[in-house]
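Chemist: You'll find model36.cif just under this line, and it carries mmCIF, C-alpha atoms.
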data_entry
#
loop_
_atom_site.group_PDB
_atom_site.id
_atom_site.type_symbol
_atom_site.label_atom_id
_atom_site.label_comp_id
_atom_site.auth_asym_id
_atom_site.auth_seq_id
_atom_site.Cartn_x
_atom_site.Cartn_y
_atom_site.Cartn_z
ATOM 1 C CA MET A 1 0.853 238.646 14.393
ATOM 2 C CA SER A 2 0.508 240.399 17.752
ATOM 3 C CA VAL A 3 2.203 243.428 19.243
ATOM 4 C CA ARG A 4 3.158 243.457 22.921
ATOM 5 C CA ALA A 5 2.229 246.591 24.817
ATOM 6 C CA GLU A 6 5.158 248.642 26.092
ATOM 7 C CA GLY A 7 6.098 247.691 29.650
ATOM 8 C CA THR A 8 4.454 244.267 29.503
ATOM 9 C CA ALA A 9 6.595 241.461 30.891
ATOM 10 C CA VAL A 10 8.108 239.002 28.440
ATOM 11 C CA GLU A 11 7.330 235.327 29.095
ATOM 12 C CA PRO A 12 9.180 232.951 26.729
ATOM 13 C CA LEU A 13 7.746 229.674 28.092
ATOM 14 C CA ARG A 14 4.363 228.465 29.325
ATOM 15 C CA PHE A 15 3.288 224.926 30.263
ATOM 16 C CA GLU A 16 -0.446 224.577 29.667
ATOM 17 C CA ASP A 17 -2.847 221.688 29.048
ATOM 18 C CA GLY A 18 -0.090 219.090 28.880
ATOM 19 C CA ALA A 19 2.054 220.977 26.364
ATOM 20 C CA LEU A 20 4.969 223.415 26.440
ATOM 21 C CA LEU A 21 4.313 226.676 24.623
ATOM 22 C CA VAL A 22 7.503 228.323 23.336
ATOM 23 C CA LEU A 23 7.640 231.926 22.175
ATOM 24 C CA ASP A 24 9.428 231.644 18.819
ATOM 25 C CA GLN A 25 12.409 233.971 19.191
ATOM 26 C CA LEU A 26 13.329 233.494 15.536
ATOM 27 C CA ALA A 27 10.164 235.400 14.607
ATOM 28 C CA LEU A 28 10.776 238.351 16.938
ATOM 29 C CA PRO A 29 10.474 241.283 16.832
ATOM 30 C CA ALA A 30 8.242 241.273 13.757
ATOM 31 C CA GLU A 31 5.819 238.647 15.009
ATOM 32 C CA GLU A 32 4.869 237.133 18.356
ATOM 33 C CA ARG A 33 4.368 233.493 17.435
ATOM 34 C CA TRP A 34 3.991 230.558 19.821
ATOM 35 C CA ILE A 35 5.084 226.979 19.102
ATOM 36 C CA ARG A 36 3.073 224.245 20.790
ATOM 37 C CA CYS A 37 5.306 221.337 21.812
ATOM 38 C CA GLU A 38 3.658 218.052 22.745
ATOM 39 C CA THR A 39 6.760 215.849 22.412
ATOM 40 C CA VAL A 40 10.336 215.892 23.647
ATOM 41 C CA GLU A 41 11.541 215.954 20.047
ATOM 42 C CA GLN A 42 9.636 219.172 19.366
ATOM 43 C CA VAL A 43 11.202 220.854 22.396
ATOM 44 C CA ALA A 44 14.645 219.622 21.373
ATOM 45 C CA ASP A 45 14.121 221.123 17.925
ATOM 46 C CA CYS A 46 13.129 224.475 19.472
ATOM 47 C CA ILE A 47 16.317 224.483 21.541
ATOM 48 C CA ARG A 48 18.532 223.401 18.649
ATOM 49 C CA THR A 49 17.158 225.975 16.195
ATOM 50 C CA LEU A 50 17.227 228.808 18.784
ATOM 51 C CA ALA A 51 13.460 229.263 18.816
ATOM 52 C CA VAL A 52 14.132 229.252 22.548
ATOM 53 C CA ARG A 53 17.595 230.358 23.648
ATOM 54 C CA GLY A 54 19.569 231.720 26.570
ATOM 55 C CA ALA A 55 21.231 229.363 29.049
ATOM 56 C CA PRO A 56 18.629 229.547 31.863
ATOM 57 C CA ALA A 57 15.659 229.487 29.455
ATOM 58 C CA ILE A 58 16.815 226.385 27.577
ATOM 59 C CA GLY A 59 17.367 224.698 30.924
ATOM 60 C CA LEU A 60 13.769 225.435 31.873
ATOM 61 C CA ALA A 61 12.513 224.276 28.466
ATOM 62 C CA ALA A 62 14.384 220.999 28.893
ATOM 63 C CA ALA A 63 12.993 220.563 32.406
ATOM 64 C CA TYR A 64 9.422 221.007 31.162
ATOM 65 C CA ALA A 65 10.173 218.661 28.244
ATOM 66 C CA LEU A 66 10.802 215.757 30.616
ATOM 67 C CA ALA A 67 7.130 215.936 31.571
ATOM 68 C CA LEU A 68 6.350 214.993 27.958
ATOM 69 C CA ALA A 69 8.710 212.003 27.914
ATOM 70 C CA GLU A 70 7.860 208.312 28.122
ATOM 71 C CA ASP A 71 11.533 207.406 28.609
ATOM 72 C CA ARG A 72 13.141 210.175 30.644
ATOM 73 C CA ALA A 73 16.680 208.819 30.398
ATOM 74 C CA SER A 74 16.586 208.809 26.582
ATOM 75 C CA ALA A 75 14.844 212.179 26.547
ATOM 76 C CA ALA A 76 17.496 213.665 28.804
ATOM 77 C CA GLU A 77 20.275 212.459 26.494
ATOM 78 C CA LEU A 78 18.541 213.944 23.461
ATOM 79 C CA LEU A 79 17.983 217.275 25.161
ATOM 80 C CA ARG A 80 21.511 217.381 26.567
ATOM 81 C CA SER A 81 22.935 217.013 23.049
ATOM 82 C CA THR A 82 21.087 220.013 21.614
ATOM 83 C CA ARG A 83 23.312 222.755 23.082
ATOM 84 C CA PRO A 84 26.575 221.411 24.570
ATOM 85 C CA THR A 85 28.063 224.666 25.856
ATOM 86 C CA ALA A 86 25.306 225.913 28.180
ATOM 87 C CA VAL A 87 25.642 224.044 31.477
ATOM 88 C CA ASN A 88 22.231 225.186 32.793
ATOM 89 C CA LEU A 89 20.577 222.695 30.452
ATOM 90 C CA ALA A 90 22.319 219.670 31.969
ATOM 91 C CA TRP A 91 21.820 221.101 35.476
ATOM 92 C CA ALA A 92 18.056 221.463 34.988
ATOM 93 C CA LEU A 93 17.761 217.952 33.550
ATOM 94 C CA GLU A 94 19.429 216.514 36.645
ATOM 95 C CA GLN A 95 16.893 218.318 38.829
ATOM 96 C CA CYS A 96 13.916 216.823 36.975
ATOM 97 C CA ARG A 97 15.007 213.448 35.609
ATOM 98 C CA ASP A 98 14.015 211.388 38.656
ATOM 99 C CA ALA A 99 11.256 213.652 39.980
ATOM 100 C CA LEU A 100 7.851 212.153 40.763
ATOM 101 C CA ASP A 101 6.253 215.206 39.149
ATOM 102 C CA PRO A 102 8.650 216.875 36.653
ATOM 103 C CA VAL A 103 6.184 219.664 35.891
ATOM 104 C CA GLN A 104 6.084 220.632 39.548
ATOM 105 C CA VAL A 105 9.890 220.655 39.710
ATOM 106 C CA ALA A 106 10.138 222.631 36.450
ATOM 107 C CA ARG A 107 7.678 225.217 37.767
ATOM 108 C CA ARG A 108 9.734 225.496 40.956
ATOM 109 C CA LEU A 109 12.927 226.015 38.941
ATOM 110 C CA HIS A 110 11.105 228.618 36.875
ATOM 111 C CA SER A 111 10.014 230.500 39.995
ATOM 112 C CA GLU A 112 13.490 230.250 41.506
ATOM 113 C CA GLN A 113 14.991 231.640 38.295
ATOM 114 C CA ARG A 114 12.745 234.698 38.523
ATOM 115 C CA ASP A 115 13.853 235.256 42.122
ATOM 116 C CA ALA A 116 17.533 234.711 41.267
ATOM 117 C CA ASP A 117 17.290 237.172 38.373
ATOM 118 C CA ARG A 118 15.869 239.853 40.650
ATOM 119 C CA ARG A 119 18.548 239.362 43.297
ATOM 120 C CA LEU A 120 21.509 239.362 40.925
ATOM 121 C CA SER A 121 20.072 242.327 39.015
ATOM 122 C CA ALA A 122 19.846 244.362 42.212
ATOM 123 C CA LEU A 123 23.421 243.458 43.142
ATOM 124 C CA GLY A 124 24.623 244.359 39.655
ATOM 125 C CA ALA A 125 22.858 247.713 39.753
ATOM 126 C CA ASP A 126 24.846 248.517 42.901
ATOM 127 C CA LEU A 127 27.944 248.580 40.666
ATOM 128 C CA PHE A 128 26.555 251.411 38.536
ATOM 129 C CA GLY A 129 27.067 255.110 39.172
ATOM 130 C CA ASP A 130 24.703 257.873 38.124
ATOM 131 C CA GLY A 131 24.552 258.412 34.381
ATOM 132 C CA THR A 132 26.238 255.126 33.470
ATOM 133 C CA ARG A 133 26.537 254.330 29.772
ATOM 134 C CA ALA A 134 26.648 250.555 29.408
ATOM 135 C CA LEU A 135 27.436 248.221 26.545
ATOM 136 C CA THR A 136 25.976 244.726 26.348
ATOM 137 C CA HIS A 137 26.233 241.776 23.965
ATOM 138 C CA CYS A 138 23.764 239.149 22.741
ATOM 139 C CA ASN A 139 20.452 238.833 24.627
ATOM 140 C CA THR A 140 20.243 238.308 28.370
ATOM 141 C CA GLY A 141 16.804 239.623 29.242
ATOM 142 C CA ALA A 142 13.635 237.817 30.260
ATOM 143 C CA LEU A 143 13.575 236.076 26.874
ATOM 144 C CA ALA A 144 16.833 234.348 27.761
ATOM 145 C CA THR A 145 15.994 233.373 31.332
ATOM 146 C CA GLY A 146 12.268 233.026 31.786
ATOM 147 C CA GLY A 147 12.573 235.608 34.558
ATOM 148 C CA TYR A 148 13.750 239.212 34.808
ATOM 149 C CA GLY A 149 17.034 238.779 32.970
ATOM 150 C CA THR A 150 20.712 238.537 33.929
ATOM 151 C CA ALA A 151 22.915 241.179 32.285
ATOM 152 C CA CYS A 152 19.841 242.904 30.858
ATOM 153 C CA GLY A 153 18.205 242.493 34.256
ATOM 154 C CA VAL A 154 21.109 244.468 35.731
ATOM 155 C CA LEU A 155 20.458 247.176 33.143
ATOM 156 C CA ARG A 156 16.747 247.225 33.974
ATOM 157 C CA ALA A 157 17.435 247.480 37.718
ATOM 158 C CA ALA A 158 19.964 250.276 37.157
ATOM 159 C CA TRP A 159 17.444 252.131 34.983
ATOM 160 C CA GLU A 160 14.730 251.787 37.634
ATOM 161 C CA ARG A 161 17.119 253.352 40.157
ATOM 162 C CA GLY A 162 17.916 256.252 37.839
ATOM 163 C CA ARG A 163 21.555 255.217 37.380
ATOM 164 C CA LEU A 164 21.535 254.256 33.703
ATOM 165 C CA ALA A 165 21.768 256.875 30.956
ATOM 166 C CA GLU A 166 21.764 254.643 27.871
ATOM 167 C CA VAL A 167 22.745 251.235 26.531
ATOM 168 C CA TRP A 168 24.904 250.393 23.552
ATOM 169 C CA VAL A 169 23.550 247.138 22.099
ATOM 170 C CA GLY A 170 25.965 245.053 20.059
ATOM 171 C CA GLU A 171 24.095 243.578 17.105
ATOM 172 C CA THR A 172 25.617 240.137 17.883
ATOM 173 C CA ARG A 173 26.399 238.092 14.816
ATOM 174 C CA PRO A 174 25.371 235.787 13.263
ATOM 175 C CA LEU A 175 21.663 235.814 14.244
ATOM 176 C CA LEU A 176 21.498 239.386 15.556
ATOM 177 C CA GLN A 177 20.218 238.474 19.009
ATOM 178 C CA GLY A 178 21.246 241.928 20.204
ATOM 179 C CA ALA A 179 19.725 243.943 17.374
ATOM 180 C CA ARG A 180 16.553 241.833 17.238
ATOM 181 C CA LEU A 181 15.909 240.745 20.824
ATOM 182 C CA THR A 182 17.795 242.947 23.290
ATOM 183 C CA ALA A 183 16.759 246.123 21.484
ATOM 184 C CA TRP A 184 13.156 244.883 21.489
ATOM 185 C CA GLU A 185 13.213 244.148 25.233
ATOM 186 C CA LEU A 186 14.841 247.471 26.083
ATOM 187 C CA ARG A 187 12.231 249.222 23.964
ATOM 188 C CA GLN A 188 9.456 247.490 25.917
ATOM 189 C CA ALA A 189 11.076 248.712 29.146
ATOM 190 C CA GLY A 190 11.466 252.277 27.856
ATOM 191 C CA ILE A 191 15.264 252.213 28.295
ATOM 192 C CA PRO A 192 17.254 254.506 25.937
ATOM 193 C CA HIS A 193 19.503 252.428 23.696
ATOM 194 C CA ARG A 194 21.291 252.369 20.378
ATOM 195 C CA VAL A 195 22.264 249.325 18.325
ATOM 196 C CA VAL A 196 25.865 249.308 17.106
ATOM 197 C CA ALA A 197 27.864 247.002 14.888
ATOM 198 C CA ASP A 198 29.885 244.547 16.973
ATOM 199 C CA SER A 199 33.057 245.969 15.445
ATOM 200 C CA ALA A 200 32.215 249.498 16.655
ATOM 201 C CA ALA A 201 32.734 248.700 20.350
ATOM 202 C CA GLY A 202 36.430 249.526 20.367
ATOM 203 C CA SER A 203 35.902 252.976 18.901
ATOM 204 C CA LEU A 204 33.158 253.730 21.430
ATOM 205 C CA MET A 205 35.463 252.807 24.304
ATOM 206 C CA ALA A 206 38.349 254.803 22.845
ATOM 207 C CA GLN A 207 36.062 257.846 22.691
ATOM 208 C CA GLY A 208 35.143 257.432 26.356
ATOM 209 C CA ARG A 209 31.497 256.650 25.596
ATOM 210 C CA VAL A 210 31.261 253.352 27.521
ATOM 211 C CA ASP A 211 31.407 253.219 31.338
ATOM 212 C CA ARG A 212 30.569 249.539 31.894
ATOM 213 C CA VAL A 213 30.363 246.349 29.845
ATOM 214 C CA VAL A 214 27.788 243.869 31.159
ATOM 215 C CA VAL A 215 27.311 240.443 29.577
ATOM 216 C CA GLY A 216 25.808 237.096 30.488
ATOM 217 C CA ALA A 217 27.338 233.614 30.439
ATOM 218 C CA ASP A 218 26.513 230.122 29.244
ATOM 219 C CA ARG A 219 29.117 228.407 31.410
ATOM 220 C CA ILE A 220 31.573 229.630 34.036
ATOM 221 C CA ALA A 221 34.511 227.359 34.816
ATOM 222 C CA ALA A 222 35.813 226.741 38.333
ATOM 223 C CA ASN A 223 38.689 229.177 37.733
ATOM 224 C CA GLY A 224 36.396 231.980 36.498
ATOM 225 C CA ASP A 225 36.862 231.584 32.741
ATOM 226 C CA VAL A 226 33.583 232.470 31.015
ATOM 227 C CA ALA A 227 31.959 231.015 27.908
ATOM 228 C CA ASN A 228 29.456 233.365 26.316
ATOM 229 C CA LYS A 229 28.135 234.279 22.881
ATOM 230 C CA VAL A 230 30.922 234.606 20.333
ATOM 231 C CA GLY A 231 32.251 238.154 20.304
ATOM 232 C CA THR A 232 32.383 238.442 24.097
ATOM 233 C CA TYR A 233 36.129 237.757 24.334
ATOM 234 C CA PRO A 234 37.079 240.674 22.018
ATOM 235 C CA LEU A 235 34.870 242.955 24.122
ATOM 236 C CA ALA A 236 36.726 241.898 27.267
ATOM 237 C CA VAL A 237 40.084 242.584 25.615
ATOM 238 C CA LEU A 238 38.898 246.016 24.478
ATOM 239 C CA ALA A 239 37.484 246.814 27.912
ATOM 240 C CA ASP A 240 40.788 245.865 29.523
ATOM 241 C CA ARG A 241 42.707 248.017 27.028
ATOM 242 C CA HIS A 242 40.536 251.064 27.770
ATOM 243 C CA GLY A 243 40.095 250.602 31.526
ATOM 244 C CA VAL A 244 36.357 249.845 31.324
ATOM 245 C CA PRO A 245 34.959 247.466 33.991
ATOM 246 C CA PHE A 246 33.811 244.177 32.478
ATOM 247 C CA TYR A 247 31.040 242.439 34.434
ATOM 248 C CA VAL A 248 29.523 238.995 33.900
ATOM 249 C CA ALA A 249 25.996 238.451 35.269
ATOM 250 C CA ALA A 250 24.788 234.867 35.627
ATOM 251 C CA PRO A 251 22.999 232.620 38.124
ATOM 252 C CA VAL A 252 24.965 230.192 40.277
ATOM 253 C CA SER A 253 23.572 227.350 38.133
ATOM 254 C CA THR A 254 25.794 228.619 35.284
ATOM 255 C CA ILE A 255 28.936 227.838 37.306
ATOM 256 C CA ASP A 256 30.300 224.384 36.519
ATOM 257 C CA ALA A 257 32.638 223.132 39.223
ATOM 258 C CA ALA A 258 33.416 220.088 37.081
ATOM 259 C CA THR A 259 34.976 222.292 34.387
ATOM 260 C CA PRO A 260 38.417 223.360 35.653
ATOM 261 C CA ASP A 261 39.021 226.124 33.099
ATOM 262 C CA GLY A 262 37.901 227.487 29.772
ATOM 263 C CA SER A 263 39.898 225.013 27.708
ATOM 264 C CA ALA A 264 37.580 222.246 28.939
ATOM 265 C CA ILE A 265 34.374 223.976 27.816
ATOM 266 C CA PRO A 266 32.871 222.433 24.654
ATOM 267 C CA ILE A 267 32.233 225.143 22.067
ATOM 268 C CA GLU A 268 29.209 224.572 19.863
ATOM 269 C CA GLU A 269 29.723 225.056 16.134
ATOM 270 C CA ARG A 270 26.629 225.915 14.154
ATOM 271 C CA ASP A 271 25.521 225.690 10.529
ATOM 272 C CA PRO A 272 27.739 227.847 8.269
ATOM 273 C CA GLY A 273 24.548 228.798 6.453
ATOM 274 C CA GLU A 274 23.721 231.116 9.359
ATOM 275 C CA ILE A 275 26.584 233.311 8.122
ATOM 276 C CA VAL A 276 26.698 232.802 4.355
ATOM 277 C CA ALA A 277 24.174 231.317 1.958
ATOM 278 C CA GLU A 278 26.922 229.811 -0.181
ATOM 279 C CA GLY A 279 30.583 229.081 0.393
ATOM 280 C CA GLU A 280 32.636 228.046 3.403
ATOM 281 C CA ALA A 281 32.320 229.589 6.866
ATOM 282 C CA PHE A 282 33.380 228.914 10.453
ATOM 283 C CA ASN A 283 30.485 229.498 12.847
ATOM 284 C CA PRO A 284 31.315 228.949 16.547
ATOM 285 C CA ALA A 285 28.410 229.977 18.753
ATOM 286 C CA PHE A 286 30.580 230.917 21.748
ATOM 287 C CA ASP A 287 34.029 232.020 22.813
ATOM 288 C CA VAL A 288 35.859 231.912 26.142
ATOM 289 C CA THR A 289 36.926 234.988 28.096
ATOM 290 C CA PRO A 290 39.836 234.367 30.501
ATOM 291 C CA ALA A 291 39.113 235.079 34.151
ATOM 292 C CA GLU A 292 41.806 237.760 34.369
ATOM 293 C CA LEU A 293 39.744 239.977 32.034
ATOM 294 C CA VAL A 294 36.592 239.750 34.207
ATOM 295 C CA THR A 295 36.183 242.537 36.772
ATOM 296 C CA ALA A 296 33.462 240.714 38.729
ATOM 297 C CA ILE A 297 30.884 237.944 38.354
ATOM 298 C CA VAL A 298 27.429 238.955 39.585
ATOM 299 C CA THR A 299 25.284 236.095 40.905
ATOM 300 C CA GLU A 300 22.162 235.909 43.045
ATOM 301 C CA ALA A 301 24.391 234.731 45.906
ATOM 302 C CA GLY A 302 26.703 237.738 45.749
ATOM 303 C CA VAL A 303 29.251 239.572 43.626
ATOM 304 C CA LEU A 304 32.282 237.322 43.084
ATOM 305 C CA GLU A 305 35.684 238.942 42.751
ATOM 306 C CA PRO A 306 39.192 237.625 42.027
ATOM 307 C CA PRO A 307 40.746 235.295 42.870
ATOM 308 C CA TYR A 308 37.829 233.422 41.312
ATOM 309 C CA PRO A 309 38.840 229.881 42.318
ATOM 310 C CA ASP A 310 38.368 231.016 45.924
ATOM 311 C CA SER A 311 35.208 233.112 45.546
ATOM 312 C CA ILE A 312 33.563 230.495 43.307
ATOM 313 C CA ALA A 313 34.412 227.692 45.718
ATOM 314 C CA ARG A 314 32.889 229.670 48.592
ATOM 315 C CA VAL A 315 29.597 230.375 46.805
ATOM 316 C CA LEU A 316 29.251 226.763 45.656
ATOM 317 C CA ALA A 317 29.950 225.489 49.163
ATOM 318 C CA ALA A 318 27.235 227.770 50.529
#
Go ahead and render the structure in this file as structure tokens.

Modeler:
Amino acid sequence: MSVRAEGTAVEPLRFEDGALLVLDQLALPAEERWIRCETVEQVADCIRTLAVRGAPAIGLAAAYALALAEDRASAAELLRSTRPTAVNLAWALEQCRDALDPVQVARRLHSEQRDADRRLSALGADLFGDGTRALTHCNTGALATGGYGTACGVLRAAWERGRLAEVWVGETRPLLQGARLTAWELRQAGIPHRVVADSAAGSLMAQGRVDRVVVGADRIAANGDVANKVGTYPLAVLADRHGVPFYVAAPVSTIDAATPDGSAIPIEERDPGEIVAEGEAFNPAFDVTPAELVTAIVTEAGVLEPPYPDSIARVLAA
């Protein structure tokens, strides 16, 4: 077991000595444990079990995994099947599948993700006023991207500018990515925060204690519909009801022009045992928030506003 010093950057992936090292996010925050992956199957298992998670980060893990493959086409199909909702995974595989040196391409994508995170975080912080109280869902920090973070990156940038007062962190069922991971990352950054039950968000908004909701995304359709961790859609409805701006922060690689709207996004269903040890359960990993509930989409290429079919088309064309 090791304890990370406060303020130290989080790095969820490292490629060293011909192997991919994955920070086991299932063990956090109690233990900092690394999984050494020497085969594609080991990386696929890390992605499937959520040892590594977050749309950009699993894309990077898959890209590095192709360097371990003897048959890249078969490896790409295996990796693509692990998490069907997050489009970054398929996007990263396409970048690396035919590369002469997949490690070099994966490292470039990793570096570009860090840069994209910084740019979108700065643009998102521009949307904050002094003393903002923000609510976020799931985990969208460096653990989820391999960089600075998307929605949590926006929070970090706003904090560094003195615009953020505190963060409400939804616990995020079923695996508590908010309570375990986001709270841990915010603690490392010294950002004031409080974990709340997912079902408490509505009461907080009704009491006027939330000024912004900022979340990430696993896939954004061409019309602006957003797939994100289950529980995001109710937050958007509550934000709309109470007049709270609802922002989505994600890199351009999360936008899928081939998906016309949210109804075409495949929604991953996970093991019911993640919710209950015995008995029946329904365990979708994601839900879809309609575009009309999204105030703006923050990307590294700019802040996209409605009508989203037009603003998305423009950023993809550029």

Chemist: Between range 176-266 of chain A and range 19-25 of chain A, at 12 Å or less, what are the per-residue closest atom pairs and their distances in Å? Count all atoms listed in the file, order by chain and rising residue number, and return it as CSV.

Modeler:
residue,atom,partner,partner_atom,distance
A:Leu176,CA,A:Gln25,CA,11.2
A:Gln177,CA,A:Gln25,CA,9.0
A:Gly178,CA,A:Gln25,CA,11.9
A:Arg180,CA,A:Gln25,CA,9.1
A:Leu181,CA,A:Gln25,CA,7.8
A:Thr182,CA,A:Gln25,CA,11.2
A:Trp184,CA,A:Gln25,CA,11.2
A:Glu185,CA,A:Gln25,CA,11.9

Chemist: Nearest residue to Arg156 in chain A out of A:Leu66, A:Leu93, A:Ala134, A:Ala30, using only C-alpha atoms?

Modeler: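 Among the listed residues, the smallest separation from Arg156 in chain A belongs to A:Ala134.
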
Chemist: Can you list, as JSON, numbers by chain, the residues that the PyMOL selection byres ((chain A and resi 272) around 6) selects here?

Modeler: {"A": [271, 273, 274, 275, 281, 283]}

Chemist: Which distance in Å separates CA of Leu120 in chain A and CA of Leu235 in chain A, to one decimal?

Modeler: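 Separating CA of Leu120 in chain A from CA of Leu235 in chain A is a distance of 21.8 Å.
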
Chemist: For CA of Gly18 in chain A and CA of Leu100 in chain A, quote the distance in Å rounded to one decimal.

Modeler: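 According to the coordinates, CA of Gly18 in chain A and CA of Leu100 in chain A are separated by 15.9 Å.
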
Chemist: With all atoms listed in the file as the basis for distance, which of A:Pro234, A:Gly279, A:Pro12, A:Pro306 is at the shortest distance from Glu292 in chain A?

Modeler: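 The answer is A:Pro306, which sits nearest to Glu292 in chain A.
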
Chemist: Extract, using only C-alpha atoms, all DNA, RNA and protein residues at most 12 Å from Asp17 in chain A, discarding same-chain residues fewer than 6 positions from it, and format them as a CSV table (one decimal) with C-alpha atoms, in the coordinates of the input.

Modeler:
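Produced file part.csv, reproduced below:
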chain,number,residue,atom,x,y,z
A,36,ARG,CA,3.1,224.2,20.8
A,37,CYS,CA,5.3,221.3,21.8
A,38,GLU,CA,3.7,218.1,22.7
A,67,ALA,CA,7.1,215.9,31.6
A,68,LEU,CA,6.4,215.0,28.0
A,103,VAL,CA,6.2,219.7,35.9

Chemist: On this structure, which residues satisfy the PyMOL selection byres ((chain A and resi 109-116) around 8), written as a ChimeraX atom specification?

Modeler: /A:56,60,92,105-108,117-120,145-148,251,299-300

Chemist: Give as a ChimeraX atom specification the residues that the PyMOL selection byres ((chain A and resi 288) around 12) matches when applied to the coordinates above.

Modeler: /A:85,217-221,224-237,261-268,284-287,289-294

Chemist: Measure the distance from CA of Ala76 in chain A to CA of Ala258 in chain A in Å and round it to one decimal.

Modeler: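 These two atoms are separated by 19.1 Å.
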
Chemist: Have a look at A:Leu304, A:Gly129, A:Arg270, A:Ala144 and name the one nearest to Phe282 in chain A; count all atoms listed in the file.

Modeler: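 Distance minimum relative to Phe282 in chain A lands on A:Arg270.
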
Chemist: Considering only C-alpha atoms, can you say which of A:Asn88, A:Ala206, A:Ala99, A:Gly131 comes closest to Val252 in chain A?

Modeler: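 Smallest distance to Val252 in chain A is found for A:Asn88.
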
Chemist: Box for range 94-111 of chain A - axis-aligned, 8 Å on each of the six sides, all listed atoms - centre and size in Å to one decimal, as AutoDock Vina command-line options.

Modeler:
--center_x 12.8 --center_y 220.9 --center_z 38.3 --size_x 29.3 --size_y 35.1 --size_z 21.3

Chemist: What are the closest atom pairs, with distances in Å to one decimal, for each residue of range 142-219 of chain A lying within 9 Å of range 135-138 of chain A, using only C-alpha atoms, rows by chain and rising residue number, as a tab-separated table?

Modeler:
residue	atom	partner	partner_atom	distance
A:Ala151	CA	A:Thr136	CA	7.6
A:Cys152	CA	A:Thr136	CA	7.8
A:Glu166	CA	A:Leu135	CA	8.7
A:Val167	CA	A:Leu135	CA	5.6
A:Trp168	CA	A:Leu135	CA	4.5
A:Val169	CA	A:Thr136	CA	5.5
A:Gly170	CA	A:His137	CA	5.1
A:Glu171	CA	A:Cys138	CA	7.2
A:Thr172	CA	A:Cys138	CA	5.3
A:Arg173	CA	A:Cys138	CA	8.4
A:Leu176	CA	A:Cys138	CA	7.5
A:Gln177	CA	A:Cys138	CA	5.2
A:Gly178	CA	A:Cys138	CA	4.5
A:Ala179	CA	A:Cys138	CA	8.3
A:Leu181	CA	A:Cys138	CA	8.2
A:Thr182	CA	A:Cys138	CA	7.1
A:Asp198	CA	A:His137	CA	8.4
A:Ala201	CA	A:Leu135	CA	8.2
A:Val210	CA	A:Leu135	CA	6.5
A:Asp211	CA	A:Leu135	CA	8.0
A:Arg212	CA	A:Leu135	CA	6.3
A:Val213	CA	A:Leu135	CA	4.8
A:Val214	CA	A:Thr136	CA	5.2
A:Val215	CA	A:Thr136	CA	5.5
A:Gly216	CA	A:His137	CA	8.0

Chemist: For Ala55 in chain A, which residue out of A:Ala222, A:Leu175, A:Ile255, A:Leu155 is the nearest one, using all atoms listed in the file?

Modeler: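 Among the listed residues, A:Ile255 lies closest to Ala55 in chain A.
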
Chemist: Between A:Ala183, A:Leu127, A:Gln42, A:Arg97, which has the minimum distance to Ala249 in chain A (counting only C-alpha atoms)?

Modeler: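 For Ala249 in chain A, the nearest of the candidates is A:Leu127.
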
Chemist: What's the 9 Å shell around Gly243 in chain A, counting only C-alpha atoms, without same-chain residues fewer than 4 positions away, as a VMD selection string?

Modeler: chain A and resid 205 238 to 239
